[in-house]
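Everything below concerns the one structure shown next.
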Amino acid sequence: MRIVYLYNSGFALLHGKRAIVIDYYRDMPARGKQGLAGGAVALEDLQAYQQVYVLSSHAHYDHFNPAVLGWQNARQGVKYIFSEDIRSSLKAADITPGITFLRKGQGFDDGNVEIKAYGSTDEGISFYIGTDGLSIFHAGDLNCWHWPEESTPEGSRQAIAQFEKEMEPVIREVQEPDIGFFPLDPHGHRL
């Protein structure tokens, strides 16, 4: 599997005939570069894949770029798996049968890709993805969001408790993923 970093929490997972784009954010490639090489997805990049899946963990601008909805106009069969909170940020005309909205605990399985939604300590969901015998976990904004120098002791305890609560089913059900994506923050709690 080829993994391409796409800014913030965004990644493209490219494997065989399948492309999975997660938490697409910036659609402007780095200076002097084109498409995936510049951290952005160009429509030409998608043409090489028979199956294209676009996952967004929540509606925050740095995890969901509405430009991805235009990809279905350029090629047929793009499947969108979005957190339920994204629904309210879309216009009615943008909500098509190609979009599946998930809440924590819900899943998607089309025989090629299996996805289960887990919780988050921010907005939306995190994702388990199973495809071609690979197990992948993308946390979205699931993290222990507390900053010791800014949080009260009680606020820190609450953040840690919330994180541990959301991680319980992930630890129990997502055994030894082959690939894991997790937000790293130098201010966060050291577990």
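Identifiers in the structure tokens: chain A, B, ... in order shown; residue index from 1 per chain; ligand index from 1 in order shown.
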
Could you give me, as number ranges by chain, each residue of region 56-126 of chain A that DSSP assigns to helix (DSSP H, G or I) when run on this structure's backbone? A: 66-74, 84-89, 92-94

Might you pull out every residue within 12 Å of region 142-153 of chain A, with only C-alpha atoms counted and same-chain residues fewer than 4 positions away left off, and present them as a ChimeraX atom specification? /A:9,57-58,117-127,137-138,157-167,170,181-191

Residue nearest Gly70 (chain A) among A:Ser156, A:Thr96, A:Gln106, A:Asn8 (counting only C-alpha atoms):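 Of A:Ser156, A:Thr96, A:Gln106, A:Asn8, the one nearest Gly70 (chain A) is A:Thr96, counting only C-alpha atoms.
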
Which neighbours of Ala59 (chain A) fall inside 8 Å, counting only C-alpha atoms, when residues of the same chain fewer than 2 positions from it are skipped, and could you give them as number ranges by chain? A: 56-57, 61, 63-64, 83, 85-86, 89, 123-124

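Distances to Arg18 (chain A) were evaluated for A:Val113, A:Glu44, A:Leu102, A:Gly107 using only C-alpha atoms, and the minimum falls at A:Val113.
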
Excluding Val21 (chain A) and its own-chain neighbours fewer than 3 positions away, which residues fall within 8 Å of it when counting only C-alpha atoms? Please give them as a list of chain:residue names. A:Gly10, A:Phe11, A:Ala12, A:Leu13, A:Tyr24, A:Val52, A:Tyr53, A:Val54, A:Leu55

Between CA of Lys116 (chain A) and CA of Arg103 (chain A), distance in Å (one decimal):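 Distance between the two atoms: 9.2 Å.
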
Pro177 (chain A): which residues within 12 Å, counting only C-alpha atoms, same-chain residues fewer than 5 positions away excluded, as a PDB file with all heavy atoms, in the first residue's frame?
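Writing the result to selection-v5.pdb gives the following:
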ATOM      1  N   PHE A 127     -12.280   6.157  12.472  1.00  0.00           N
ATOM      2  CA  PHE A 127     -12.597   5.081  11.537  1.00  0.00           C
ATOM      3  C   PHE A 127     -11.720   3.850  11.719  1.00  0.00           C
ATOM      4  O   PHE A 127     -10.497   3.979  11.813  1.00  0.00           O
ATOM      5  CB  PHE A 127     -12.345   5.524  10.084  1.00  0.00           C
ATOM      6  CG  PHE A 127     -13.223   6.602   9.559  1.00  0.00           C
ATOM      7  CD1 PHE A 127     -12.730   7.879   9.356  1.00  0.00           C
ATOM      8  CD2 PHE A 127     -14.540   6.343   9.218  1.00  0.00           C
ATOM      9  CE1 PHE A 127     -13.520   8.884   8.825  1.00  0.00           C
ATOM     10  CE2 PHE A 127     -15.340   7.334   8.684  1.00  0.00           C
ATOM     11  CZ  PHE A 127     -14.835   8.608   8.494  1.00  0.00           C
ATOM     12  N   TYR A 128     -12.322   2.677  11.697  1.00  0.00           N
ATOM     13  CA  TYR A 128     -11.617   1.435  11.410  1.00  0.00           C
ATOM     14  C   TYR A 128     -11.897   1.141   9.939  1.00  0.00           C
ATOM     15  O   TYR A 128     -13.044   1.249   9.484  1.00  0.00           O
ATOM     16  CB  TYR A 128     -12.134   0.261  12.248  1.00  0.00           C
ATOM     17  CG  TYR A 128     -11.737  -1.064  11.633  1.00  0.00           C
ATOM     18  CD1 TYR A 128     -10.476  -1.596  11.842  1.00  0.00           C
ATOM     19  CD2 TYR A 128     -12.611  -1.746  10.789  1.00  0.00           C
ATOM     20  CE1 TYR A 128     -10.095  -2.783  11.232  1.00  0.00           C
ATOM     21  CE2 TYR A 128     -12.234  -2.929  10.177  1.00  0.00           C
ATOM     22  CZ  TYR A 128     -10.980  -3.439  10.401  1.00  0.00           C
ATOM     23  OH  TYR A 128     -10.595  -4.603   9.793  1.00  0.00           O
ATOM     24  N   ILE A 129     -10.872   0.766   9.195  1.00  0.00           N
ATOM     25  CA  ILE A 129     -11.019   0.438   7.776  1.00  0.00           C
ATOM     26  C   ILE A 129     -10.378  -0.923   7.549  1.00  0.00           C
ATOM     27  O   ILE A 129      -9.217  -1.129   7.917  1.00  0.00           O
ATOM     28  CB  ILE A 129     -10.328   1.486   6.877  1.00  0.00           C
ATOM     29  CG1 ILE A 129     -10.830   2.893   7.202  1.00  0.00           C
ATOM     30  CG2 ILE A 129     -10.525   1.150   5.408  1.00  0.00           C
ATOM     31  CD1 ILE A 129      -9.893   4.002   6.772  1.00  0.00           C
ATOM     32  N   GLY A 130     -11.113  -1.823   6.959  1.00  0.00           N
ATOM     33  CA  GLY A 130     -10.569  -3.106   6.563  1.00  0.00           C
ATOM     34  C   GLY A 130     -10.664  -3.243   5.059  1.00  0.00           C
ATOM     35  O   GLY A 130     -11.729  -3.035   4.478  1.00  0.00           O
ATOM     36  N   THR A 131      -9.544  -3.556   4.407  1.00  0.00           N
ATOM     37  CA  THR A 131      -9.539  -3.725   2.961  1.00  0.00           C
ATOM     38  C   THR A 131      -8.351  -4.586   2.553  1.00  0.00           C
ATOM     39  O   THR A 131      -7.249  -4.410   3.096  1.00  0.00           O
ATOM     40  CB  THR A 131      -9.505  -2.364   2.219  1.00  0.00           C
ATOM     41  OG1 THR A 131      -9.617  -2.590   0.820  1.00  0.00           O
ATOM     42  CG2 THR A 131      -8.265  -1.554   2.510  1.00  0.00           C
ATOM     43  N   GLY A 133      -7.297  -7.415   3.291  1.00  0.00           N
ATOM     44  CA  GLY A 133      -6.574  -8.063   4.373  1.00  0.00           C
ATOM     45  C   GLY A 133      -5.814  -7.126   5.290  1.00  0.00           C
ATOM     46  O   GLY A 133      -5.113  -7.567   6.195  1.00  0.00           O
ATOM     47  N   LEU A 134      -5.933  -5.813   5.065  1.00  0.00           N
ATOM     48  CA  LEU A 134      -5.267  -4.825   5.909  1.00  0.00           C
ATOM     49  C   LEU A 134      -6.244  -4.224   6.905  1.00  0.00           C
ATOM     50  O   LEU A 134      -7.416  -3.995   6.587  1.00  0.00           O
ATOM     51  CB  LEU A 134      -4.669  -3.700   5.060  1.00  0.00           C
ATOM     52  CG  LEU A 134      -3.519  -4.091   4.142  1.00  0.00           C
ATOM     53  CD1 LEU A 134      -3.170  -2.936   3.201  1.00  0.00           C
ATOM     54  CD2 LEU A 134      -2.299  -4.497   4.958  1.00  0.00           C
ATOM     55  N   SER A 135      -5.756  -3.941   8.089  1.00  0.00           N
ATOM     56  CA  SER A 135      -6.525  -3.315   9.154  1.00  0.00           C
ATOM     57  C   SER A 135      -5.937  -1.929   9.396  1.00  0.00           C
ATOM     58  O   SER A 135      -4.746  -1.793   9.666  1.00  0.00           O
ATOM     59  CB  SER A 135      -6.412  -4.176  10.420  1.00  0.00           C
ATOM     60  OG  SER A 135      -6.963  -3.522  11.522  1.00  0.00           O
ATOM     61  N   ILE A 136      -6.791  -0.902   9.286  1.00  0.00           N
ATOM     62  CA  ILE A 136      -6.329   0.486   9.359  1.00  0.00           C
ATOM     63  C   ILE A 136      -7.194   1.242  10.362  1.00  0.00           C
ATOM     64  O   ILE A 136      -8.418   1.082  10.364  1.00  0.00           O
ATOM     65  CB  ILE A 136      -6.434   1.160   7.970  1.00  0.00           C
ATOM     66  CG1 ILE A 136      -5.626   0.359   6.944  1.00  0.00           C
ATOM     67  CG2 ILE A 136      -5.995   2.614   8.028  1.00  0.00           C
ATOM     68  CD1 ILE A 136      -6.104   0.520   5.518  1.00  0.00           C
ATOM     69  N   PHE A 137      -6.574   2.059  11.196  1.00  0.00           N
ATOM     70  CA  PHE A 137      -7.334   2.909  12.107  1.00  0.00           C
ATOM     71  C   PHE A 137      -6.927   4.354  11.874  1.00  0.00           C
ATOM     72  O   PHE A 137      -5.741   4.686  11.874  1.00  0.00           O
ATOM     73  CB  PHE A 137      -7.092   2.540  13.581  1.00  0.00           C
ATOM     74  CG  PHE A 137      -7.946   3.341  14.518  1.00  0.00           C
ATOM     75  CD1 PHE A 137      -9.293   3.054  14.656  1.00  0.00           C
ATOM     76  CD2 PHE A 137      -7.416   4.403  15.219  1.00  0.00           C
ATOM     77  CE1 PHE A 137     -10.101   3.814  15.501  1.00  0.00           C
ATOM     78  CE2 PHE A 137      -8.212   5.164  16.060  1.00  0.00           C
ATOM     79  CZ  PHE A 137      -9.552   4.867  16.201  1.00  0.00           C
ATOM     80  N   HIS A 138      -7.937   5.208  11.646  1.00  0.00           N
ATOM     81  CA  HIS A 138      -7.717   6.648  11.495  1.00  0.00           C
ATOM     82  C   HIS A 138      -8.510   7.335  12.596  1.00  0.00           C
ATOM     83  O   HIS A 138      -9.732   7.233  12.644  1.00  0.00           O
ATOM     84  CB  HIS A 138      -8.165   7.128  10.112  1.00  0.00           C
ATOM     85  CG  HIS A 138      -7.799   8.557   9.839  1.00  0.00           C
ATOM     86  ND1 HIS A 138      -8.507   9.607  10.376  1.00  0.00           N
ATOM     87  CD2 HIS A 138      -6.801   9.098   9.107  1.00  0.00           C
ATOM     88  CE1 HIS A 138      -7.957  10.742   9.977  1.00  0.00           C
ATOM     89  NE2 HIS A 138      -6.916  10.461   9.199  1.00  0.00           N
ATOM     90  N   VAL A 170     -12.106   0.782  20.893  1.00  0.00           N
ATOM     91  CA  VAL A 170     -11.064   0.692  19.870  1.00  0.00           C
ATOM     92  C   VAL A 170     -10.024  -0.348  20.296  1.00  0.00           C
ATOM     93  O   VAL A 170      -9.652  -1.235  19.517  1.00  0.00           O
ATOM     94  CB  VAL A 170     -10.395   2.067  19.628  1.00  0.00           C
ATOM     95  CG1 VAL A 170      -9.240   1.951  18.650  1.00  0.00           C
ATOM     96  CG2 VAL A 170     -11.419   3.094  19.151  1.00  0.00           C
ATOM     97  N   ILE A 171      -9.577  -0.260  21.530  1.00  0.00           N
ATOM     98  CA  ILE A 171      -8.585  -1.210  22.049  1.00  0.00           C
ATOM     99  C   ILE A 171      -9.143  -2.631  22.032  1.00  0.00           C
ATOM    100  O   ILE A 171      -8.453  -3.581  21.678  1.00  0.00           O
ATOM    101  CB  ILE A 171      -8.140  -0.789  23.466  1.00  0.00           C
ATOM    102  CG1 ILE A 171      -7.336   0.512  23.393  1.00  0.00           C
ATOM    103  CG2 ILE A 171      -7.337  -1.900  24.140  1.00  0.00           C
ATOM    104  CD1 ILE A 171      -7.118   1.183  24.735  1.00  0.00           C
ATOM    105  N   ARG A 172     -10.401  -2.772  22.392  1.00  0.00           N
ATOM    106  CA  ARG A 172     -11.036  -4.089  22.451  1.00  0.00           C
ATOM    107  C   ARG A 172     -11.266  -4.695  21.064  1.00  0.00           C
ATOM    108  O   ARG A 172     -11.055  -5.889  20.861  1.00  0.00           O
ATOM    109  CB  ARG A 172     -12.366  -3.964  23.204  1.00  0.00           C
ATOM    110  CG  ARG A 172     -13.073  -5.251  23.491  1.00  0.00           C
ATOM    111  CD  ARG A 172     -14.330  -5.076  24.352  1.00  0.00           C
ATOM    112  NE  ARG A 172     -15.282  -4.128  23.798  1.00  0.00           N
ATOM    113  CZ  ARG A 172     -15.536  -2.912  24.298  1.00  0.00           C
ATOM    114  NH1 ARG A 172     -14.901  -2.473  25.358  1.00  0.00           N
ATOM    115  NH2 ARG A 172     -16.421  -2.108  23.731  1.00  0.00           N
TER     116      ARG A 172
END

Have a look at A:Asp132, A:Asp45, A:Leu14, A:Ile95 and name the one nearest to Gly111 (chain A); count only C-alpha atoms.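 Looking only at the distances to Gly111 (chain A), the closest residue turns out to be A:Asp132.
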
Give the strand (DSSP E) residues of region 29-75 of chain A, as assigned by DSSP on the backbone, as a ChimeraX atom specification. /A:51-56

Write out the residues from the selection above, keeping all heavy atoms, as an mmCIF file, in the first residue's frame.
data_model
loop_
_atom_site.group_PDB
_atom_site.id
_atom_site.type_symbol
_atom_site.label_atom_id
_atom_site.label_comp_id
_atom_site.auth_asym_id
_atom_site.auth_seq_id
_atom_site.Cartn_x
_atom_site.Cartn_y
_atom_site.Cartn_z
ATOM 1 N N GLN A 51 -11.869 1.989 -7.931
ATOM 2 C CA GLN A 51 -12.725 2.269 -6.776
ATOM 3 C C GLN A 51 -12.115 3.421 -5.983
ATOM 4 O O GLN A 51 -10.935 3.383 -5.641
ATOM 5 C CB GLN A 51 -12.823 1.039 -5.877
ATOM 6 C CG GLN A 51 -13.392 -0.168 -6.585
ATOM 7 C CD GLN A 51 -13.159 -1.445 -5.797
ATOM 8 O OE1 GLN A 51 -12.495 -1.465 -4.778
ATOM 9 N NE2 GLN A 51 -13.712 -2.534 -6.291
ATOM 10 N N VAL A 52 -12.948 4.423 -5.699
ATOM 11 C CA VAL A 52 -12.502 5.587 -4.940
ATOM 12 C C VAL A 52 -13.451 5.781 -3.764
ATOM 13 O O VAL A 52 -14.671 5.868 -3.947
ATOM 14 C CB VAL A 52 -12.451 6.863 -5.815
ATOM 15 C CG1 VAL A 52 -12.060 8.077 -4.975
ATOM 16 C CG2 VAL A 52 -11.490 6.676 -6.982
ATOM 17 N N TYR A 53 -12.860 5.841 -2.574
ATOM 18 C CA TYR A 53 -13.615 6.069 -1.342
ATOM 19 C C TYR A 53 -13.080 7.345 -0.704
ATOM 20 O O TYR A 53 -11.864 7.547 -0.641
ATOM 21 C CB TYR A 53 -13.425 4.910 -0.366
ATOM 22 C CG TYR A 53 -13.939 3.592 -0.885
ATOM 23 C CD1 TYR A 53 -13.162 2.811 -1.731
ATOM 24 C CD2 TYR A 53 -15.206 3.149 -0.554
ATOM 25 C CE1 TYR A 53 -13.623 1.603 -2.228
ATOM 26 C CE2 TYR A 53 -15.680 1.938 -1.050
ATOM 27 C CZ TYR A 53 -14.890 1.175 -1.879
ATOM 28 O OH TYR A 53 -15.360 -0.015 -2.377
ATOM 29 N N VAL A 54 -13.996 8.179 -0.241
ATOM 30 C CA VAL A 54 -13.621 9.425 0.415
ATOM 31 C C VAL A 54 -14.247 9.417 1.803
ATOM 32 O O VAL A 54 -15.470 9.355 1.935
ATOM 33 C CB VAL A 54 -14.100 10.650 -0.387
ATOM 34 C CG1 VAL A 54 -13.659 11.936 0.302
ATOM 35 C CG2 VAL A 54 -13.582 10.599 -1.819
ATOM 36 N N LEU A 55 -13.400 9.467 2.838
ATOM 37 C CA LEU A 55 -13.858 9.441 4.222
ATOM 38 C C LEU A 55 -13.548 10.772 4.883
ATOM 39 O O LEU A 55 -12.451 11.311 4.700
ATOM 40 C CB LEU A 55 -13.153 8.337 5.015
ATOM 41 C CG LEU A 55 -13.543 6.887 4.755
ATOM 42 C CD1 LEU A 55 -13.276 6.432 3.348
ATOM 43 C CD2 LEU A 55 -12.841 5.981 5.748
ATOM 44 N N SER A 56 -14.506 11.300 5.639
ATOM 45 C CA SER A 56 -14.282 12.515 6.423
ATOM 46 C C SER A 56 -14.799 12.282 7.830
ATOM 47 O O SER A 56 -15.957 11.916 8.018
ATOM 48 C CB SER A 56 -14.973 13.729 5.802
ATOM 49 O OG SER A 56 -14.345 14.079 4.583
#

At a cut-off of 8 Å, using only C-alpha atoms, what residues contact Thr100 (chain A)? Leave out same-chain residues fewer than 3 positions from it and give the result as a ChimeraX atom specification. /A:79-82,97,108

For Arg2 (chain A), which of A:Ala67, A:Pro169, A:Gly105, A:Ala19 is the closest residue, counting only C-alpha atoms?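 Smallest separation from Arg2 (chain A) among the options: A:Ala19.
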